[in-house]
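Structure first, then comments.
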Amino acid sequence: MGGMSRISRRVGAITESATLAVDAKAKALQAAGEDVIGFGAGEPDFPTPAHIVDAASAACVDPRNHKYTPTPGLPELRAAIAAKTQRDSGYVVEASQVVVTVGGKHAVYNAFQTLLDPGDEVIIPAPYWTTYPEAVKLADGVPVEVLAPESAEFRVTIEQLEAARTPRTKVLLFVSPSNPTGAVYPRDEVEAIGRWAVEHGIWVLTDEIYEHLTYGGHEFSSMPVLVPELADQCVVLNGVAKTYAMTGWRVGWMIGPADFTAAAINLQSHQTSNVPNVSQRAALAAVSGDLEAVGEMRAAFDRRGRVMHELLSAIPGVTCLEPQGAFYCFPSFDGVLGREIAGRKPANTLELCELILEEARVAIVPGEAFGAPGYARLSFALSDDALVEGVSRIAKLLTG
Ligand SMILES: Cc1ncc(COP(=O)(O)O)c(C=O)c1O
């Protein structure tokens with residue numbers, strides 16, 4: 001093999017998805033009979049609504065779905081996604097602008113592959129979803145982190161974006177409601193950021209996957225709707241996973257201008273061809289139906305988020321912003337680090353989370369995975385009882 005490494009440097013440099021790793025560890029312990037409560041995964045605990053599952057069952061026995069279909073998705077699904085986008089966010093797009101992907105994660109990867117040349121910089125507000133910087137690096141781009149502090153409710157400012165901008169800045173990654181912080185940008189800030197991007201010719205990849213999950217007075221707004229001039233340099237990313245409890249079906253999409261879409265379809269034609277037809281038919285039933293099921297889930301998440309926030313905030317040394325959207329609390333454990341807990345003194349949240357898993361049998365994701373050491377992410381997309389029991393176990397361990 002000469003001087004060649006067995007695994008490519010590009011892929012060898014990827015770090016495992018910490019959220020999936022924590023979830024896998026918790027599930028493995030559960031399978032071994034351990035009583036572990038998992039706050040790791042970002043997926044609704046509800047089953048996929050019955051009418052969606054029925055559509056998929058019917059699709060299985062329809063021979064049309066046994067064959068390859070167009071790379072960017074079934075024409076009726078692309079049209080339904082365009083219609084749903086207009087209904088839900090007010091963004092008016094053509095079906096031809098939609099590319100159906102194998103989940104939103106695939107859309108993130110393909111969007112960066114389509115937009116970036118080596119050395120192009122992508123501004124990523126931190127704390128960030130762990131996949132964004134890896135997807136940028138896999139496209140030979142350079143992630144540029146901009147830290148949105150807890151004191152600013154985890155939102156970046158135009159001043160910060162401006163300070164991070166260089167002649168190589170090609171894309172801004174924007175997500176609201178945010179994973180992992182649950183932050184929701186108010187309308188005027190979304191608009192200001194969109195205007196800043198237009199002014200400087202920067203693309204925006206805006207991840208709208210949590211559009212329907214906001215709480216209290218917080219409301220989602222779509223950047224290209226508030227700033228229509230952005231449309232020519234904007235990619236909207238979305239999917240059925242969070243809205244319809246369909247994480248396992250693997251259907252997402254991206255919506256962009258014509259040249260972007262054409263290039264992304266070429267890429268996908270050599271990569272995955274079409275997304276499995278049965279999943280596309282399920283997604284078609286989902287996006288063409290109403291929003292009743294997500295309304296019910298939202299009400300449950302709203303209640304659970306408030307309970308979790310209250311329980312976490314009551315732990316000495318832990319501070320926690322009330323979640324504004326998505327389904328995560330993102331507390332700071334700064335006041336806990338360095339203290340003696342079960343005979344050990346965790347110096348950082350990686351060590352603390354390990355200790356919590358070992359001693360309290362509760363799985364949470366360390367902030368290091370999201371570019372925010374000192375914090376941890378807890379999903380509140382699990383049953384009320386498990387949620388209370390899990391946070392109580394953490395409280396008991398940390399208060400000795
Ligand atoms: C912010 C964000 N975007 C996109 C996704 C992608 O979801 P999926 O690939 O399941 O559609 C997730 C999933 O965790 C997410 O949290």
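Every chain in the structure tokens takes a letter, A first, then B, and so on in the order presented; its residues are numbered from 1, and the ligands are numbered from 1 following the presented order.
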Counting only C-alpha atoms and all ligand atoms, which residues of chain A fall within 7 Å of ligand 1, and what is the closest atom pair for each with its distance in Å at one decimal, ordered by chain and rising number, as a Markdown table?
| residue | atom | partner | partner_atom_place_in_ligand_line | distance |
| --- | --- | --- | --- | --- |
| A:Gly42 | CA | ligand 1 | 14 (O) | 5.2 |
| A:Gly103 | CA | ligand 1 | 11 (O) | 3.5 |
| A:Gly104 | CA | ligand 1 | 11 (O) | 3.5 |
| A:Lys105 | CA | ligand 1 | 9 (O) | 3.7 |
| A:His106 | CA | ligand 1 | 9 (O) | 6.3 |
| A:Trp129 | CA | ligand 1 | 1 (C) | 5.9 |
| A:Val175 | CA | ligand 1 | 1 (C) | 6.5 |
| A:Ser178 | CA | ligand 1 | 1 (C) | 6.1 |
| A:Asn179 | CA | ligand 1 | 1 (C) | 4.9 |
| A:Asp207 | CA | ligand 1 | 3 (N) | 5.9 |
| A:Ile209 | CA | ligand 1 | 3 (N) | 5.6 |
| A:Gly239 | CA | ligand 1 | 11 (O) | 5.2 |
| A:Val240 | CA | ligand 1 | 11 (O) | 6.5 |
| A:Ala241 | CA | ligand 1 | 11 (O) | 4.9 |
| A:Thr247 | CA | ligand 1 | 10 (O) | 4.8 |
| A:Arg250 | CA | ligand 1 | 11 (O) | 5.9 |
| A:Val251 | CA | ligand 1 | 11 (O) | 6.0 |
| A:Gly252 | CA | ligand 1 | 11 (O) | 5.1 |
Kindly save the residues from that selection, with C-alpha atoms included, as a PDB file, in the first residue's frame.
ATOM      1  CA  GLY A  42     -33.704  13.378  18.440  1.00  0.00           C
ATOM      2  CA  GLY A 103     -33.782  12.271   5.092  1.00  0.00           C
ATOM      3  CA  GLY A 104     -32.805  15.810   5.941  1.00  0.00           C
ATOM      4  CA  LYS A 105     -29.296  14.644   6.794  1.00  0.00           C
ATOM      5  CA  HIS A 106     -28.735  13.561   3.193  1.00  0.00           C
ATOM      6  CA  TRP A 129     -26.147  20.155  15.170  1.00  0.00           C
ATOM      7  CA  VAL A 175     -31.465  26.723  11.745  1.00  0.00           C
ATOM      8  CA  SER A 178     -32.452  24.963  16.647  1.00  0.00           C
ATOM      9  CA  ASN A 179     -31.068  21.605  17.498  1.00  0.00           C
ATOM     10  CA  ASP A 207     -32.883  24.108   7.996  1.00  0.00           C
ATOM     11  CA  ILE A 209     -37.061  20.717   9.944  1.00  0.00           C
ATOM     12  CA  GLY A 239     -38.278  16.587   5.926  1.00  0.00           C
ATOM     13  CA  VAL A 240     -41.011  14.445   7.411  1.00  0.00           C
ATOM     14  CA  ALA A 241     -38.980  13.043  10.328  1.00  0.00           C
ATOM     15  CA  THR A 247     -37.479   9.374  11.510  1.00  0.00           C
ATOM     16  CA  ARG A 250     -35.844   8.519   5.753  1.00  0.00           C
ATOM     17  CA  VAL A 251     -37.458  11.173   3.614  1.00  0.00           C
ATOM     18  CA  GLY A 252     -36.271  14.772   3.480  1.00  0.00           C
TER      19      GLY A 252
END
Next on the checklist: Please identify the strand (DSSP E) residues within segment 112-335 of chain A (assignment by DSSP from backbone atoms) and present them as a count of residues only.
Outcome noted: 36
Item to check | Filtered DSSP result for segment 127-210 of chain A, state alpha helix (DSSP H), as a PyMOL selection string | outcome: chain A and resi 131-138+158-164+187-200
Item to check | Non-local contacts of Thr272 of chain A (12 Å; only C-alpha atoms; under 2 positions in same chain excluded) as a PyMOL selection string | outcome: chain A and resi 68-73+100-103+106-107+110+264-270+274-276
Restricting it to C-alpha atoms, dump the selection as a PDB file, in the first residue's frame.
ATOM      1  CA  TYR A  68     -36.778   3.024 -10.337  1.00  0.00           C
ATOM      2  CA  THR A  69     -38.478   6.401 -10.340  1.00  0.00           C
ATOM      3  CA  PRO A  70     -37.066   9.867 -11.129  1.00  0.00           C
ATOM      4  CA  THR A  71     -33.962  10.863  -9.152  1.00  0.00           C
ATOM      5  CA  PRO A  72     -35.402  14.061  -7.603  1.00  0.00           C
ATOM      6  CA  GLY A  73     -38.530  12.264  -6.388  1.00  0.00           C
ATOM      7  CA  VAL A 100     -36.340  14.581  -2.412  1.00  0.00           C
ATOM      8  CA  THR A 101     -33.499  13.064  -0.358  1.00  0.00           C
ATOM      9  CA  VAL A 102     -32.913  10.180   2.045  1.00  0.00           C
ATOM     10  CA  GLY A 103     -33.782  12.271   5.092  1.00  0.00           C
ATOM     11  CA  HIS A 106     -28.735  13.561   3.193  1.00  0.00           C
ATOM     12  CA  ALA A 107     -29.985  16.967   2.059  1.00  0.00           C
ATOM     13  CA  ASN A 110     -25.731  17.010  -0.797  1.00  0.00           C
ATOM     14  CA  ALA A 264     -27.871  18.466  -7.003  1.00  0.00           C
ATOM     15  CA  ILE A 265     -29.987  16.091  -9.113  1.00  0.00           C
ATOM     16  CA  ASN A 266     -26.925  15.175 -11.201  1.00  0.00           C
ATOM     17  CA  LEU A 267     -25.057  14.375  -8.000  1.00  0.00           C
ATOM     18  CA  GLN A 268     -27.890  12.295  -6.620  1.00  0.00           C
ATOM     19  CA  SER A 269     -28.298  10.422  -9.918  1.00  0.00           C
ATOM     20  CA  HIS A 270     -24.879   8.839  -9.321  1.00  0.00           C
ATOM     21  CA  ASN A 274     -34.471   7.638  -6.202  1.00  0.00           C
ATOM     22  CA  VAL A 275     -35.432   7.575  -2.548  1.00  0.00           C
ATOM     23  CA  PRO A 276     -37.276   4.273  -1.818  1.00  0.00           C
TER      24      PRO A 276
END
Item to check | Spatial neighbours of Gly371 of chain A, max dist 10 Å, only C-alpha atoms, sep filter under 5 positions, as a list of chain:residue names | outcome: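 The contact residues come out as A:Pro125, A:Ala126, A:Pro127, A:Tyr128, A:Trp129, A:Thr130, A:Pro133, A:Glu145, A:Val146, A:Leu147, A:Pro366.
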Item to check | 12 Å contact set for Ala80 of chain A, only C-alpha atoms, chain neighbours under 4 positions out, as a PyMOL selection string | outcome: chain A and resi 73-76+84-88+93-96+98+100+253+280-281+283-289
Writer output for current selection, N, CA and C atoms, as a compact mmCIF listing (two decimals), in the first residue's frame:
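This is the output file out17.txt:
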# COMPACT_ATOMS: atom_id res chain seq x y z
N GLY A 73 -37.33 12.61 -7.14
CA GLY A 73 -38.53 12.26 -6.39
C GLY A 73 -39.73 12.07 -7.29
N LEU A 74 -40.75 11.40 -6.76
CA LEU A 74 -42.00 11.21 -7.51
C LEU A 74 -42.57 12.59 -7.85
N PRO A 75 -43.01 12.79 -9.09
CA PRO A 75 -43.53 14.12 -9.45
C PRO A 75 -44.64 14.59 -8.52
N GLU A 76 -45.53 13.66 -8.12
CA GLU A 76 -46.63 14.09 -7.24
C GLU A 76 -46.12 14.46 -5.85
N LYS A 84 -47.17 22.16 0.17
CA LYS A 84 -47.05 22.16 1.64
C LYS A 84 -46.16 23.31 2.11
N THR A 85 -45.12 23.58 1.36
CA THR A 85 -44.20 24.66 1.73
C THR A 85 -44.94 25.99 1.71
N GLN A 86 -45.73 26.18 0.66
CA GLN A 86 -46.51 27.42 0.57
C GLN A 86 -47.52 27.50 1.72
N ARG A 87 -48.17 26.36 2.00
CA ARG A 87 -49.18 26.34 3.08
C ARG A 87 -48.54 26.66 4.44
N ASP A 88 -47.40 26.04 4.72
CA ASP A 88 -46.85 26.08 6.08
C ASP A 88 -45.93 27.27 6.35
N VAL A 93 -42.88 28.10 -4.21
CA VAL A 93 -41.84 27.48 -5.05
C VAL A 93 -42.50 26.56 -6.07
N GLU A 94 -41.73 26.25 -7.12
CA GLU A 94 -42.18 25.29 -8.14
C GLU A 94 -41.79 23.89 -7.69
N ALA A 95 -42.58 22.91 -8.14
CA ALA A 95 -42.22 21.51 -7.85
C ALA A 95 -40.83 21.19 -8.38
N SER A 96 -40.46 21.82 -9.49
CA SER A 96 -39.16 21.52 -10.11
C SER A 96 -37.97 21.97 -9.25
N VAL A 98 -37.74 21.24 -6.10
CA VAL A 98 -37.67 20.32 -4.95
C VAL A 98 -36.84 19.08 -5.32
N VAL A 100 -36.04 15.46 -3.55
CA VAL A 100 -36.34 14.58 -2.41
C VAL A 100 -35.07 13.78 -2.09
N TRP A 253 -35.95 16.70 2.05
CA TRP A 253 -35.84 17.37 0.75
C TRP A 253 -35.09 18.68 0.88
N GLN A 280 -41.44 7.27 -0.14
CA GLN A 280 -41.94 8.48 -0.81
C GLN A 280 -43.47 8.53 -0.78
N ARG A 281 -44.09 7.37 -0.97
CA ARG A 281 -45.57 7.33 -0.92
C ARG A 281 -46.06 7.67 0.48
N ALA A 283 -44.47 9.60 2.57
CA ALA A 283 -44.23 11.05 2.72
C ALA A 283 -45.31 11.84 1.98
N LEU A 284 -45.75 11.30 0.84
CA LEU A 284 -46.80 11.99 0.07
C LEU A 284 -48.08 12.06 0.91
N ALA A 285 -48.43 10.94 1.57
CA ALA A 285 -49.62 10.95 2.44
C ALA A 285 -49.42 11.94 3.58
N ALA A 286 -48.20 12.01 4.09
CA ALA A 286 -47.93 12.91 5.22
C ALA A 286 -48.10 14.37 4.81
N VAL A 287 -47.39 14.78 3.76
CA VAL A 287 -47.39 16.22 3.44
C VAL A 287 -48.70 16.67 2.81
N SER A 288 -49.46 15.72 2.20
CA SER A 288 -50.74 16.18 1.65
C SER A 288 -51.87 16.12 2.67
N GLY A 289 -51.59 15.56 3.85
CA GLY A 289 -52.62 15.52 4.89
C GLY A 289 -52.57 16.78 5.76
Item to check | Length of the atom CA of Val204 of chain A to atom CA of Pro149 of chain A vector [Å] | outcome: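 Straight-line distance from atom CA of Val204 of chain A to atom CA of Pro149 of chain A works out to 21.3 Å.
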Next on the checklist: One decimal, in Å: what's the spacing between atom CA of Val190 of chain A and atom CA of Glu150 of chain A?
Outcome noted: 18.3 Å
